[in-house]
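One file, query08.cif, is given below (mmCIF, C-alpha atoms and all ligand atoms).
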```
data_coords
#
loop_
_atom_site.label_atom_id
_atom_site.label_comp_id
_atom_site.auth_asym_id
_atom_site.auth_seq_id
_atom_site.Cartn_x
_atom_site.Cartn_y
_atom_site.Cartn_z
CA MET A 1 2.17 18.46 -1.52
CA LYS A 2 -1.36 19.01 -0.17
CA ASN A 3 -2.59 15.40 -0.06
CA PHE A 4 -0.79 12.12 -0.78
CA LEU A 5 -3.12 9.57 -2.36
CA SER A 6 -1.27 8.08 -5.32
CA VAL A 7 1.91 8.25 -7.37
CA LYS A 8 0.50 11.34 -9.12
CA ASP A 9 1.15 13.36 -5.95
CA VAL A 10 4.94 12.83 -6.09
CA LEU A 11 5.71 13.09 -9.79
CA PRO A 12 8.30 13.36 -11.21
CA LEU A 13 9.49 10.14 -9.57
CA LYS A 14 13.18 11.04 -9.92
CA THR A 15 12.65 14.05 -7.63
CA ALA A 16 10.66 11.95 -5.16
CA LEU A 17 13.40 9.32 -5.04
CA ASP A 18 16.08 11.99 -4.56
CA LEU A 19 14.10 13.47 -1.65
CA ALA A 20 13.70 10.00 -0.16
CA LYS A 21 17.46 9.47 -0.39
CA GLU A 22 17.99 12.79 1.37
CA VAL A 23 15.62 11.75 4.18
CA LYS A 24 17.30 8.36 4.56
CA ALA A 25 20.80 9.83 4.68
CA ASN A 26 19.89 12.36 7.35
CA PRO A 27 16.65 11.42 9.13
CA TYR A 28 16.93 14.01 11.93
CA ALA A 29 17.78 17.04 9.76
CA ASP A 30 14.24 18.45 9.91
CA GLN A 31 13.40 18.10 13.61
CA GLN A 32 12.34 21.76 13.77
CA LEU A 33 9.97 21.47 10.80
CA GLY A 34 7.41 19.45 12.76
CA LYS A 35 7.77 21.26 16.09
CA ASN A 36 4.32 22.00 17.57
CA LYS A 37 2.65 20.22 14.67
CA THR A 38 0.40 17.21 15.22
CA LEU A 39 -0.18 14.18 13.03
CA LEU A 40 -3.41 12.25 13.61
CA MET A 41 -3.33 8.66 12.36
CA VAL A 42 -6.79 7.13 11.94
CA PHE A 43 -7.07 3.37 11.54
CA PHE A 44 -10.25 1.65 10.41
CA ASN A 45 -8.17 -1.56 10.01
CA ALA A 46 -5.29 -3.35 11.73
CA SER A 47 -1.64 -2.48 11.07
CA LEU A 48 1.88 -3.17 12.30
CA ARG A 49 4.26 -1.59 9.75
CA THR A 50 2.18 1.41 8.73
CA ARG A 51 1.44 2.38 12.31
CA LEU A 52 5.04 2.07 13.54
CA SER A 53 6.85 3.43 10.48
CA THR A 54 4.57 6.44 10.05
CA GLN A 55 4.77 7.29 13.74
CA LYS A 56 8.56 6.95 13.64
CA ALA A 57 8.72 9.17 10.53
CA ALA A 58 6.66 11.88 12.21
CA MET A 59 8.78 11.67 15.38
CA ASN A 60 11.94 12.03 13.26
CA LEU A 61 10.42 15.31 12.03
CA GLY A 62 9.76 16.53 15.57
CA MET A 63 5.97 16.10 15.42
CA ASN A 64 3.42 15.10 18.02
CA VAL A 65 1.42 12.02 17.04
CA ILE A 66 -2.10 10.91 18.00
CA VAL A 67 -3.34 7.46 16.97
CA LEU A 68 -7.04 6.60 16.79
CA ASP A 69 -8.20 3.02 16.28
CA ILE A 70 -11.78 3.46 15.17
CA ASN A 71 -12.69 -0.11 16.13
CA GLN A 72 -11.11 -0.02 19.58
CA GLY A 73 -12.59 2.51 21.95
CA ALA A 74 -14.05 5.07 19.51
CA TRP A 75 -17.77 5.48 18.86
CA LYS A 76 -19.00 3.24 16.10
CA LEU A 77 -19.27 5.46 13.00
CA GLU A 78 -22.02 5.70 10.43
CA THR A 79 -20.47 6.41 7.04
CA GLU A 80 -23.58 6.63 4.81
CA ARG A 81 -25.39 9.95 4.54
CA GLY A 82 -29.19 9.89 4.86
CA VAL A 83 -29.33 6.86 7.17
CA ILE A 84 -31.77 7.00 10.13
CA MET A 85 -29.32 6.32 12.93
CA ASP A 86 -31.47 4.04 15.07
CA GLY A 87 -28.96 1.15 15.05
CA ASP A 88 -25.66 0.51 16.84
CA LYS A 89 -23.74 3.44 15.29
CA SER A 90 -23.49 6.36 17.70
CA GLU A 91 -21.74 9.02 15.63
CA HIS A 92 -21.79 10.11 12.01
CA ILE A 93 -18.48 10.36 10.19
CA LEU A 94 -19.58 13.79 8.91
CA GLU A 95 -19.28 15.20 12.46
CA ALA A 96 -16.39 12.97 13.50
CA ILE A 97 -14.09 14.01 10.64
CA PRO A 98 -14.16 17.80 11.19
CA VAL A 99 -13.75 17.19 14.93
CA MET A 100 -10.66 15.07 14.22
CA GLY A 101 -9.39 17.78 11.87
CA SER A 102 -9.68 20.37 14.63
CA TYR A 103 -7.14 18.46 16.77
CA CYS A 104 -4.30 18.13 14.25
CA ASP A 105 -2.34 19.60 11.34
CA MET A 106 -2.54 16.58 9.02
CA ILE A 107 -4.31 13.22 8.96
CA GLY A 108 -3.18 9.77 7.83
CA VAL A 109 -6.10 7.45 7.06
CA ARG A 110 -6.26 3.66 6.74
CA ALA A 111 -9.60 2.51 5.34
CA PHE A 112 -9.58 -0.78 3.42
CA ALA A 113 -12.03 -1.91 0.78
CA GLY A 114 -15.08 -3.66 2.22
CA LEU A 115 -15.07 -5.98 -0.84
CA LYS A 116 -18.87 -6.07 -0.99
CA ASP A 117 -19.64 -3.16 -3.32
CA ARG A 118 -17.03 -2.43 -5.99
CA ALA A 119 -18.37 1.00 -6.87
CA TYR A 120 -18.35 2.07 -3.20
CA ASP A 121 -14.78 0.80 -2.75
CA TYR A 122 -13.41 2.24 -5.99
CA ASN A 123 -15.01 5.62 -5.26
CA GLU A 124 -12.86 5.77 -2.09
CA VAL A 125 -15.84 7.04 -0.12
CA ILE A 126 -14.18 7.18 3.32
CA LEU A 127 -10.85 8.65 2.17
CA ASN A 128 -12.66 11.29 0.13
CA GLN A 129 -14.81 12.26 3.09
CA PHE A 130 -11.63 12.96 5.09
CA ILE A 131 -10.31 15.07 2.23
CA GLU A 132 -13.57 16.98 1.92
CA TYR A 133 -14.50 17.50 5.57
CA SER A 134 -11.33 17.49 7.71
CA GLY A 135 -9.96 20.83 6.50
CA LYS A 136 -6.45 19.34 6.78
CA PRO A 137 -3.99 17.65 4.41
CA VAL A 138 -4.71 13.93 4.17
CA PHE A 139 -2.41 11.08 3.25
CA SER A 140 -3.35 7.48 2.55
CA MET A 141 -2.06 4.79 4.89
CA GLU A 142 -3.80 2.26 2.57
CA ALA A 143 -7.19 3.05 1.22
CA ALA A 144 -9.65 0.92 -0.73
CA THR A 145 -7.79 1.00 -4.05
CA ARG A 146 -4.18 2.02 -3.33
CA HIS A 147 -1.36 1.74 -0.77
CA PRO A 148 0.98 4.49 -1.96
CA LEU A 149 3.30 4.63 1.09
CA GLN A 150 3.97 0.91 0.55
CA SER A 151 4.52 1.29 -3.20
CA PHE A 152 6.88 4.21 -2.65
CA ALA A 153 8.91 2.13 -0.17
CA ASP A 154 8.88 -0.76 -2.67
CA LEU A 155 10.26 1.51 -5.38
CA ILE A 156 12.94 2.94 -3.08
CA THR A 157 13.97 -0.65 -2.28
CA ILE A 158 14.12 -1.71 -5.93
CA GLU A 159 16.24 1.34 -6.72
CA GLU A 160 18.64 0.33 -3.93
CA TYR A 161 18.97 -3.31 -5.04
CA LYS A 162 18.63 -3.23 -8.83
CA LYS A 163 21.61 -4.45 -10.85
CA THR A 164 20.39 -3.18 -14.22
CA ALA A 165 18.89 0.17 -15.17
CA LYS A 166 15.60 -1.35 -16.31
CA PRO A 167 14.97 -4.47 -14.25
CA LYS A 168 12.27 -7.01 -15.06
CA VAL A 169 9.81 -6.83 -12.17
CA LEU A 170 7.37 -9.71 -11.77
CA MET A 171 4.32 -9.11 -9.61
CA THR A 172 2.78 -12.49 -8.99
CA TRP A 173 -0.54 -13.39 -7.38
CA ALA A 174 -0.12 -16.10 -4.73
CA PRO A 175 -2.72 -18.05 -2.73
CA HIS A 176 -4.23 -16.95 0.58
CA PRO A 177 -7.10 -18.37 2.63
CA ASN A 178 -8.96 -15.05 2.95
CA ALA A 179 -10.29 -12.40 0.58
CA LEU A 180 -7.81 -9.51 0.42
CA PRO A 181 -8.26 -6.11 -1.27
CA GLN A 182 -6.55 -5.15 -4.54
CA ALA A 183 -4.99 -1.99 -3.08
CA VAL A 184 -1.38 -3.22 -2.85
CA PRO A 185 -1.19 -4.79 -6.34
CA ASN A 186 -3.09 -1.87 -7.91
CA SER A 187 -0.73 0.59 -6.35
CA PHE A 188 2.45 -1.39 -7.03
CA ALA A 189 1.48 -1.66 -10.70
CA GLU A 190 0.69 2.05 -10.85
CA TRP A 191 4.08 3.02 -9.38
CA ILE A 192 6.12 0.57 -11.47
CA ASN A 193 4.25 1.74 -14.58
CA ALA A 194 5.48 5.25 -13.75
CA THR A 195 9.08 4.00 -14.13
CA ASP A 196 10.80 2.63 -17.22
CA TYR A 197 11.13 -0.88 -15.71
CA GLU A 198 9.59 -3.93 -17.40
CA LEU A 199 6.50 -5.02 -15.44
CA VAL A 200 4.92 -8.47 -15.74
CA ILE A 201 1.76 -9.26 -13.76
CA ALA A 202 1.08 -12.98 -13.32
CA HIS A 203 -2.13 -14.45 -11.94
CA PRO A 204 -4.67 -17.21 -12.56
CA GLU A 205 -7.57 -16.47 -14.90
CA GLY A 206 -10.29 -14.52 -13.13
CA TYR A 207 -7.88 -12.35 -11.11
CA GLU A 208 -7.47 -9.55 -13.68
CA LEU A 209 -6.91 -6.18 -12.02
CA ASP A 210 -8.55 -2.90 -12.95
CA PRO A 211 -7.05 -1.90 -16.35
CA GLN A 212 -6.39 1.65 -15.08
CA PHE A 213 -3.62 0.15 -12.90
CA VAL A 214 -2.38 -2.56 -15.28
CA GLN A 215 -1.91 -0.09 -18.15
CA ASN A 216 0.63 -1.55 -20.59
CA ALA A 217 2.13 -4.18 -18.26
CA LYS A 218 2.35 -7.70 -19.68
CA VAL A 219 -0.24 -10.01 -18.12
CA GLU A 220 0.90 -13.64 -17.87
CA TYR A 221 -1.29 -16.62 -16.94
CA ASP A 222 1.53 -19.19 -17.20
CA VAL A 223 3.21 -19.06 -13.80
CA GLU A 224 6.51 -20.62 -14.87
CA LYS A 225 6.88 -18.47 -17.97
CA ALA A 226 6.34 -15.39 -15.80
CA TYR A 227 9.40 -16.06 -13.62
CA GLN A 228 11.87 -16.39 -16.50
CA GLY A 229 14.53 -13.69 -16.34
CA ALA A 230 12.86 -11.73 -13.52
CA ASP A 231 15.14 -9.48 -11.43
CA PHE A 232 12.53 -8.92 -8.70
CA VAL A 233 9.64 -11.18 -7.67
CA TYR A 234 6.94 -9.23 -5.85
CA ALA A 235 4.34 -11.59 -4.41
CA LYS A 236 0.86 -10.60 -3.30
CA ASN A 237 -2.55 -12.11 -2.97
CA TRP A 238 -5.66 -10.26 -4.03
CA SER A 239 -9.32 -11.12 -4.42
CA VAL A 240 -11.33 -10.89 -7.62
CA TYR A 241 -11.81 -7.41 -9.11
CA ALA A 242 -14.34 -8.41 -11.80
CA GLU A 243 -17.89 -7.24 -10.95
CA LYS A 244 -19.32 -10.78 -11.17
CA ASN A 245 -17.19 -12.25 -8.35
CA TYR A 246 -15.96 -9.01 -6.79
CA GLY A 247 -14.09 -9.57 -3.52
CA GLN A 248 -14.23 -13.36 -3.73
CA VAL A 249 -11.55 -16.07 -3.47
CA ILE A 250 -11.91 -18.34 -6.52
CA ASN A 251 -8.50 -20.03 -6.46
CA LYS A 252 -6.16 -21.31 -3.74
CA ASP A 253 -3.84 -23.29 -6.00
CA ARG A 254 -0.46 -23.60 -4.33
CA LYS A 255 1.29 -23.96 -7.68
CA TRP A 256 1.31 -20.13 -7.45
CA THR A 257 3.21 -20.17 -4.12
CA VAL A 258 6.66 -18.62 -4.55
CA ASP A 259 9.16 -21.46 -4.11
CA THR A 260 12.83 -22.21 -4.79
CA ARG A 261 12.03 -24.13 -7.98
CA LYS A 262 10.38 -21.12 -9.61
CA MET A 263 12.90 -18.65 -8.15
CA ALA A 264 15.63 -20.73 -9.88
CA MET A 265 14.10 -19.71 -13.23
CA THR A 266 14.75 -16.02 -12.51
CA ASN A 267 17.81 -13.86 -12.92
CA ASN A 268 18.75 -14.58 -9.28
CA ALA A 269 15.79 -12.38 -8.38
CA TYR A 270 15.20 -10.63 -5.11
CA PHE A 271 12.02 -11.64 -3.31
CA MET A 272 9.70 -8.87 -2.10
CA HIS A 273 6.42 -8.76 -0.19
CA CYS A 274 4.74 -5.91 1.66
CA LEU A 275 4.08 -8.10 4.76
CA PRO A 276 2.33 -9.50 6.70
CA VAL A 277 2.85 -12.70 4.71
CA ARG A 278 1.39 -16.21 5.07
CA ARG A 279 4.37 -18.54 4.92
CA ASN A 280 3.98 -21.62 2.73
CA MET A 281 0.86 -20.13 1.15
CA ILE A 282 2.34 -17.00 -0.45
CA VAL A 283 6.02 -17.97 -0.15
CA THR A 284 7.98 -20.93 1.17
CA ASP A 285 10.18 -20.67 4.25
CA ASP A 286 13.27 -21.26 2.08
CA VAL A 287 12.58 -18.31 -0.21
CA ILE A 288 11.67 -15.79 2.45
CA GLU A 289 14.70 -16.78 4.53
CA ALA A 290 17.15 -16.75 1.59
CA PRO A 291 19.78 -13.97 1.28
CA THR A 292 17.85 -12.77 -1.78
CA SER A 293 14.78 -12.01 0.31
CA ILE A 294 14.62 -8.24 0.91
CA VAL A 295 11.35 -8.07 2.82
CA ILE A 296 12.98 -6.56 5.92
CA PRO A 297 14.81 -3.68 4.19
CA GLU A 298 11.61 -3.16 2.18
CA ALA A 299 9.63 -2.77 5.43
CA ALA A 300 12.36 -0.54 6.90
CA ASN A 301 11.98 1.77 3.90
CA ARG A 302 8.40 2.44 5.02
CA VAL A 303 9.87 5.00 7.44
CA VAL A 304 11.64 6.68 4.52
CA SER A 305 8.58 6.89 2.28
CA ALA A 306 6.40 8.17 5.13
CA GLN A 307 8.99 10.72 6.23
CA MET A 308 9.43 12.10 2.73
CA VAL A 309 5.66 12.49 2.34
CA ILE A 310 5.05 14.04 5.78
CA ARG A 311 7.99 16.40 5.32
CA GLU A 312 6.63 17.64 1.98
CA ILE A 313 3.19 18.20 3.52
CA LEU A 314 4.75 20.03 6.49
CA ARG A 315 6.51 22.36 4.06
CA THR A 316 3.12 23.51 2.76
CA LEU A 317 1.63 24.36 6.19
N1 LIG A 401 2.56 -3.51 4.61
C1 LIG A 401 1.72 -2.95 5.50
O1 LIG A 401 1.03 -1.97 5.23
O2 LIG A 401 1.77 -3.53 6.74
P1 LIG A 401 0.70 -3.26 7.89
O3 LIG A 401 -0.65 -3.73 7.36
O4 LIG A 401 1.17 -4.09 9.05
O5 LIG A 401 0.68 -1.82 8.21
#
```
Representation of the structure as C-alpha cells:
Amino acid sequence: MKNFLSVKDVLPLKTALDLAKEVKANPYADQQLGKNKTLLMVFFNASLRTRLSTQKAAMNLGMNVIVLDINQGAWKLETERGVIMDGDKSEHILEAIPVMGSYCDMIGVRAFAGLKDRAYDYNEVILNQFIEYSGKPVFSMEAATRHPLQSFADLITIEEYKKTAKPKVLMTWAPHPNALPQAVPNSFAEWINATDYELVIAHPEGYELDPQFVQNAKVEYDVEKAYQGADFVYAKNWSVYAEKNYGQVINKDRKWTVDTRKMAMTNNAYFMHCLPVRRNMIVTDDVIEAPTSIVIPEAANRVVSAQMVIREILRTL
C-alpha cells in the first residue's frame, strides 16, 4: 500500500479484515518493522481518538512519532497558489509540505472540509497537495470527504459483533447544533457498500449525500420505518451536501435522536457512533449506556485499523 485514502486502497476487504485480525491478535509482532522509521501526524483540526490510536499503532510497530498541530504553534499556512502573501499567513503549504516530508517516512493528515466551497472540499485540495509534494506515503486521518481509518474500525467492529452473515446496517442522521462535514457518513457508506451487508441510510429531506457514496443503499426518510429489523444502528450528524445549502444546518429535529423507543423497533441492534458524540442530541443517555452500545470497542478498534494500514505502508518502504 502506497497511500491510504479510501476503501479502494485495501481491497479485497476479506484480506484487509484478515490482516486486521492478525494485528489485533498479536499487536507487538512487528516491532522491528518500524525501527528507525518516523511517522509524522499533521493535524489541521482537533482530535482525541485519531491522535491517540494512530500514535499507539505506530508505537506498537516500533516507530518514532512526531505530531504537528498546524493551528497551535506552527506558522499559519497559505494553501492557495497564486496568492500575494501580504496577510497573516507566513508560510506557503507548497514549501511546508516537502519540508515535512524530509523529516519522516510517512505522513498522516487530518484536514476537514471547510464547508464553504463544495468543489474545493470534494477535490481534497489539501490531502492531494500532501500526496503530490511530500514525496512520502500519505494516509488520511479524516480528510474533507472521507474518514477511512474510522470506517475500517467500524467494519472490524461489525464483523466482531454481527449475529448474521448479512446484517441490516442502518446509518441514521441525527441532530447536532453545529455544521459537520459529510466525511464520516460518506466513508461509512462507501465501506459498507463494499460488503454484502444491507445498508439503509435514513435522514430528513435535504440531507442527501453524494450519490457516489450512497450507491445502491436504500435511502429512507421515515425515521421509524428505517429502524425496523436493523442489526446495527450507526448514528451520525452531517450538514447539507446539496450545492444550494452546502455545509448548512437546515434541521435540528430531535425526533431523529436515537432513543430507546426507536431502538426497540430493531432486531436488538447494537448502537455505534464514531465519537465524539453529543448526548441527548445524537443519542440518549440510556441508549449509549446500554449493554448494546459498542462505541468503546469501536473506538478501541481504531488502533487496529491504523496499525494494519501503517504496517502495510511500512512493508513497501
Ligand atoms: N472518531 C474520531 O475520528 O475521533 P477524533 O475526532 O477524536 O479523532
Selected residue of minimal separation from Leu13 (chain A) among A:Ser293, A:Asn193, A:Asn280, A:Gln248, counting all atoms listed in the file: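 Distance minimum relative to Leu13 (chain A) lands on A:Asn193.
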Around (-12.5, 2.6, -3.1), as given in the file, which residues come within 8 Å? Count all atoms listed in the file and list them as a list in words. Phe112, Ala113, Arg118, Ala119, Tyr120, Asp121, Tyr122, Asn123, Glu124, Val125, Ala143, Ala144 and Thr145 of chain A
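Taking CA of Ser53 (chain A) and CA of Met272 (chain A) as endpoints, the distance between them is 17.8 Å.
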Pick from A:Glu160, A:Glu289, A:Asp210, A:Asp105: nearest to Asn186 (chain A), with only C-alpha atoms counted?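 Under the stated criterion, the closest residue is A:Asp210.
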Could you list as a PyMOL selection string every residue that has an atom within 12 Å of (2.5, 12.3, -6.3), using the file's coordinates and counting all atoms listed in the file? chain A and resi 1-17+139-140+148-149+151-152+190-191+194+305+308-309+312-313
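Restricting the atom set to only C-alpha atoms and all ligand atoms, one finds that the residues within 7 Å of ligand LIG 401 (chain A) amount to A:Ala46, A:Ser47, A:Leu48, A:Arg49, A:Thr50, A:Arg51, A:Glu142, A:Gln150, A:Cys274, A:Leu275, A:Pro276.
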Using Å and a single decimal, report how far CA of Val240 (chain A) sits from CA of Ala111 (chain A). 18.7 Å
Fill-in result for region 273-308 of chain A, N, CA and C atoms as a PDB file, in the frame of the given file:
```pdb
ATOM      1  N   HIS A 273       7.829  -8.687  -0.602  1.00  0.00           N
ATOM      2  CA  HIS A 273       6.420  -8.760  -0.190  1.00  0.00           C
ATOM      3  C   HIS A 273       6.191  -7.637   0.811  1.00  0.00           C
ATOM      4  N   CYS A 274       4.997  -7.067   0.791  1.00  0.00           N
ATOM      5  CA  CYS A 274       4.740  -5.910   1.660  1.00  0.00           C
ATOM      6  C   CYS A 274       4.609  -6.302   3.128  1.00  0.00           C
ATOM      7  N   LEU A 275       4.326  -7.587   3.407  1.00  0.00           N
ATOM      8  CA  LEU A 275       4.080  -8.100   4.760  1.00  0.00           C
ATOM      9  C   LEU A 275       2.803  -7.480   5.333  1.00  0.00           C
ATOM     10  N   PRO A 276       2.043  -8.169   6.180  1.00  0.00           N
ATOM     11  CA  PRO A 276       2.330  -9.500   6.700  1.00  0.00           C
ATOM     12  C   PRO A 276       2.143 -10.567   5.615  1.00  0.00           C
ATOM     13  N   VAL A 277       2.900 -11.666   5.733  1.00  0.00           N
ATOM     14  CA  VAL A 277       2.850 -12.700   4.710  1.00  0.00           C
ATOM     15  C   VAL A 277       2.515 -14.051   5.336  1.00  0.00           C
ATOM     16  N   ARG A 278       1.712 -14.838   4.645  1.00  0.00           N
ATOM     17  CA  ARG A 278       1.390 -16.210   5.070  1.00  0.00           C
ATOM     18  C   ARG A 278       2.452 -17.138   4.503  1.00  0.00           C
ATOM     19  N   ARG A 279       3.315 -17.626   5.378  1.00  0.00           N
ATOM     20  CA  ARG A 279       4.370 -18.540   4.920  1.00  0.00           C
ATOM     21  C   ARG A 279       3.768 -19.846   4.409  1.00  0.00           C
ATOM     22  N   ASN A 280       4.357 -20.362   3.359  1.00  0.00           N
ATOM     23  CA  ASN A 280       3.980 -21.620   2.730  1.00  0.00           C
ATOM     24  C   ASN A 280       2.584 -21.592   2.090  1.00  0.00           C
ATOM     25  N   MET A 281       2.006 -20.405   2.030  1.00  0.00           N
ATOM     26  CA  MET A 281       0.860 -20.130   1.150  1.00  0.00           C
ATOM     27  C   MET A 281       1.362 -19.184   0.056  1.00  0.00           C
ATOM     28  N   ILE A 282       1.814 -17.994   0.495  1.00  0.00           N
ATOM     29  CA  ILE A 282       2.340 -17.000  -0.450  1.00  0.00           C
ATOM     30  C   ILE A 282       3.759 -17.379  -0.876  1.00  0.00           C
ATOM     31  N   VAL A 283       4.589 -17.738   0.107  1.00  0.00           N
ATOM     32  CA  VAL A 283       6.020 -17.970  -0.150  1.00  0.00           C
ATOM     33  C   VAL A 283       6.528 -19.054   0.806  1.00  0.00           C
ATOM     34  N   THR A 284       7.435 -19.877   0.306  1.00  0.00           N
ATOM     35  CA  THR A 284       7.980 -20.930   1.170  1.00  0.00           C
ATOM     36  C   THR A 284       8.980 -20.337   2.162  1.00  0.00           C
ATOM     37  N   ASP A 285       9.197 -21.076   3.255  1.00  0.00           N
ATOM     38  CA  ASP A 285      10.180 -20.670   4.250  1.00  0.00           C
ATOM     39  C   ASP A 285      11.548 -20.421   3.595  1.00  0.00           C
ATOM     40  N   ASP A 286      11.941 -21.346   2.699  1.00  0.00           N
ATOM     41  CA  ASP A 286      13.270 -21.260   2.080  1.00  0.00           C
ATOM     42  C   ASP A 286      13.456 -19.944   1.320  1.00  0.00           C
ATOM     43  N   VAL A 287      12.437 -19.532   0.601  1.00  0.00           N
ATOM     44  CA  VAL A 287      12.580 -18.310  -0.210  1.00  0.00           C
ATOM     45  C   VAL A 287      12.593 -17.073   0.672  1.00  0.00           C
ATOM     46  N   ILE A 288      11.716 -17.028   1.646  1.00  0.00           N
ATOM     47  CA  ILE A 288      11.670 -15.790   2.450  1.00  0.00           C
ATOM     48  C   ILE A 288      12.879 -15.679   3.377  1.00  0.00           C
ATOM     49  N   GLU A 289      13.526 -16.831   3.663  1.00  0.00           N
ATOM     50  CA  GLU A 289      14.700 -16.780   4.530  1.00  0.00           C
ATOM     51  C   GLU A 289      16.017 -16.710   3.743  1.00  0.00           C
ATOM     52  N   ALA A 290      15.940 -16.770   2.425  1.00  0.00           N
ATOM     53  CA  ALA A 290      17.150 -16.750   1.590  1.00  0.00           C
ATOM     54  C   ALA A 290      17.803 -15.362   1.623  1.00  0.00           C
ATOM     55  N   PRO A 291      19.113 -15.287   1.327  1.00  0.00           N
ATOM     56  CA  PRO A 291      19.780 -13.970   1.280  1.00  0.00           C
ATOM     57  C   PRO A 291      19.172 -13.034   0.235  1.00  0.00           C
ATOM     58  N   THR A 292      18.471 -13.603  -0.748  1.00  0.00           N
ATOM     59  CA  THR A 292      17.850 -12.770  -1.780  1.00  0.00           C
ATOM     60  C   THR A 292      16.468 -12.239  -1.372  1.00  0.00           C
ATOM     61  N   SER A 293      16.045 -12.583  -0.165  1.00  0.00           N
ATOM     62  CA  SER A 293      14.780 -12.010   0.310  1.00  0.00           C
ATOM     63  C   SER A 293      15.079 -10.637   0.913  1.00  0.00           C
ATOM     64  N   ILE A 294      14.359  -9.616   0.434  1.00  0.00           N
ATOM     65  CA  ILE A 294      14.620  -8.240   0.910  1.00  0.00           C
ATOM     66  C   ILE A 294      13.373  -7.671   1.587  1.00  0.00           C
ATOM     67  N   VAL A 295      12.588  -8.555   2.191  1.00  0.00           N
ATOM     68  CA  VAL A 295      11.350  -8.070   2.820  1.00  0.00           C
ATOM     69  C   VAL A 295      11.614  -7.168   4.031  1.00  0.00           C
ATOM     70  N   ILE A 296      12.726  -7.393   4.724  1.00  0.00           N
ATOM     71  CA  ILE A 296      12.980  -6.560   5.920  1.00  0.00           C
ATOM     72  C   ILE A 296      13.465  -5.160   5.524  1.00  0.00           C
ATOM     73  N   PRO A 297      14.473  -5.040   4.652  1.00  0.00           N
ATOM     74  CA  PRO A 297      14.810  -3.680   4.190  1.00  0.00           C
ATOM     75  C   PRO A 297      13.656  -2.967   3.501  1.00  0.00           C
ATOM     76  N   GLU A 298      12.811  -3.739   2.825  1.00  0.00           N
ATOM     77  CA  GLU A 298      11.610  -3.160   2.180  1.00  0.00           C
ATOM     78  C   GLU A 298      10.704  -2.551   3.255  1.00  0.00           C
ATOM     79  N   ALA A 299      10.476  -3.296   4.330  1.00  0.00           N
ATOM     80  CA  ALA A 299       9.630  -2.770   5.430  1.00  0.00           C
ATOM     81  C   ALA A 299      10.309  -1.583   6.100  1.00  0.00           C
ATOM     82  N   ALA A 300      11.636  -1.654   6.263  1.00  0.00           N
ATOM     83  CA  ALA A 300      12.360  -0.540   6.900  1.00  0.00           C
ATOM     84  C   ALA A 300      12.211   0.737   6.072  1.00  0.00           C
ATOM     85  N   ASN A 301      12.129   0.594   4.765  1.00  0.00           N
ATOM     86  CA  ASN A 301      11.980   1.770   3.900  1.00  0.00           C
ATOM     87  C   ASN A 301      10.602   2.425   4.026  1.00  0.00           C
ATOM     88  N   ARG A 302       9.689   1.793   4.766  1.00  0.00           N
ATOM     89  CA  ARG A 302       8.400   2.440   5.020  1.00  0.00           C
ATOM     90  C   ARG A 302       8.582   3.726   5.843  1.00  0.00           C
ATOM     91  N   VAL A 303       9.598   3.756   6.698  1.00  0.00           N
ATOM     92  CA  VAL A 303       9.870   5.000   7.440  1.00  0.00           C
ATOM     93  C   VAL A 303      10.293   6.083   6.453  1.00  0.00           C
ATOM     94  N   VAL A 304      11.112   5.702   5.484  1.00  0.00           N
ATOM     95  CA  VAL A 304      11.640   6.680   4.520  1.00  0.00           C
ATOM     96  C   VAL A 304      10.524   7.260   3.664  1.00  0.00           C
ATOM     97  N   SER A 305       9.667   6.375   3.137  1.00  0.00           N
ATOM     98  CA  SER A 305       8.580   6.890   2.280  1.00  0.00           C
ATOM     99  C   SER A 305       7.649   7.788   3.090  1.00  0.00           C
ATOM    100  N   ALA A 306       7.318   7.357   4.311  1.00  0.00           N
ATOM    101  CA  ALA A 306       6.400   8.170   5.130  1.00  0.00           C
ATOM    102  C   ALA A 306       7.043   9.504   5.490  1.00  0.00           C
ATOM    103  N   GLN A 307       8.337   9.473   5.809  1.00  0.00           N
ATOM    104  CA  GLN A 307       8.990  10.720   6.230  1.00  0.00           C
ATOM    105  C   GLN A 307       9.100  11.702   5.078  1.00  0.00           C
ATOM    106  N   MET A 308       9.374  11.196   3.889  1.00  0.00           N
ATOM    107  CA  MET A 308       9.430  12.100   2.730  1.00  0.00           C
ATOM    108  C   MET A 308       8.072  12.764   2.515  1.00  0.00           C
TER     109      MET A 308
END
```
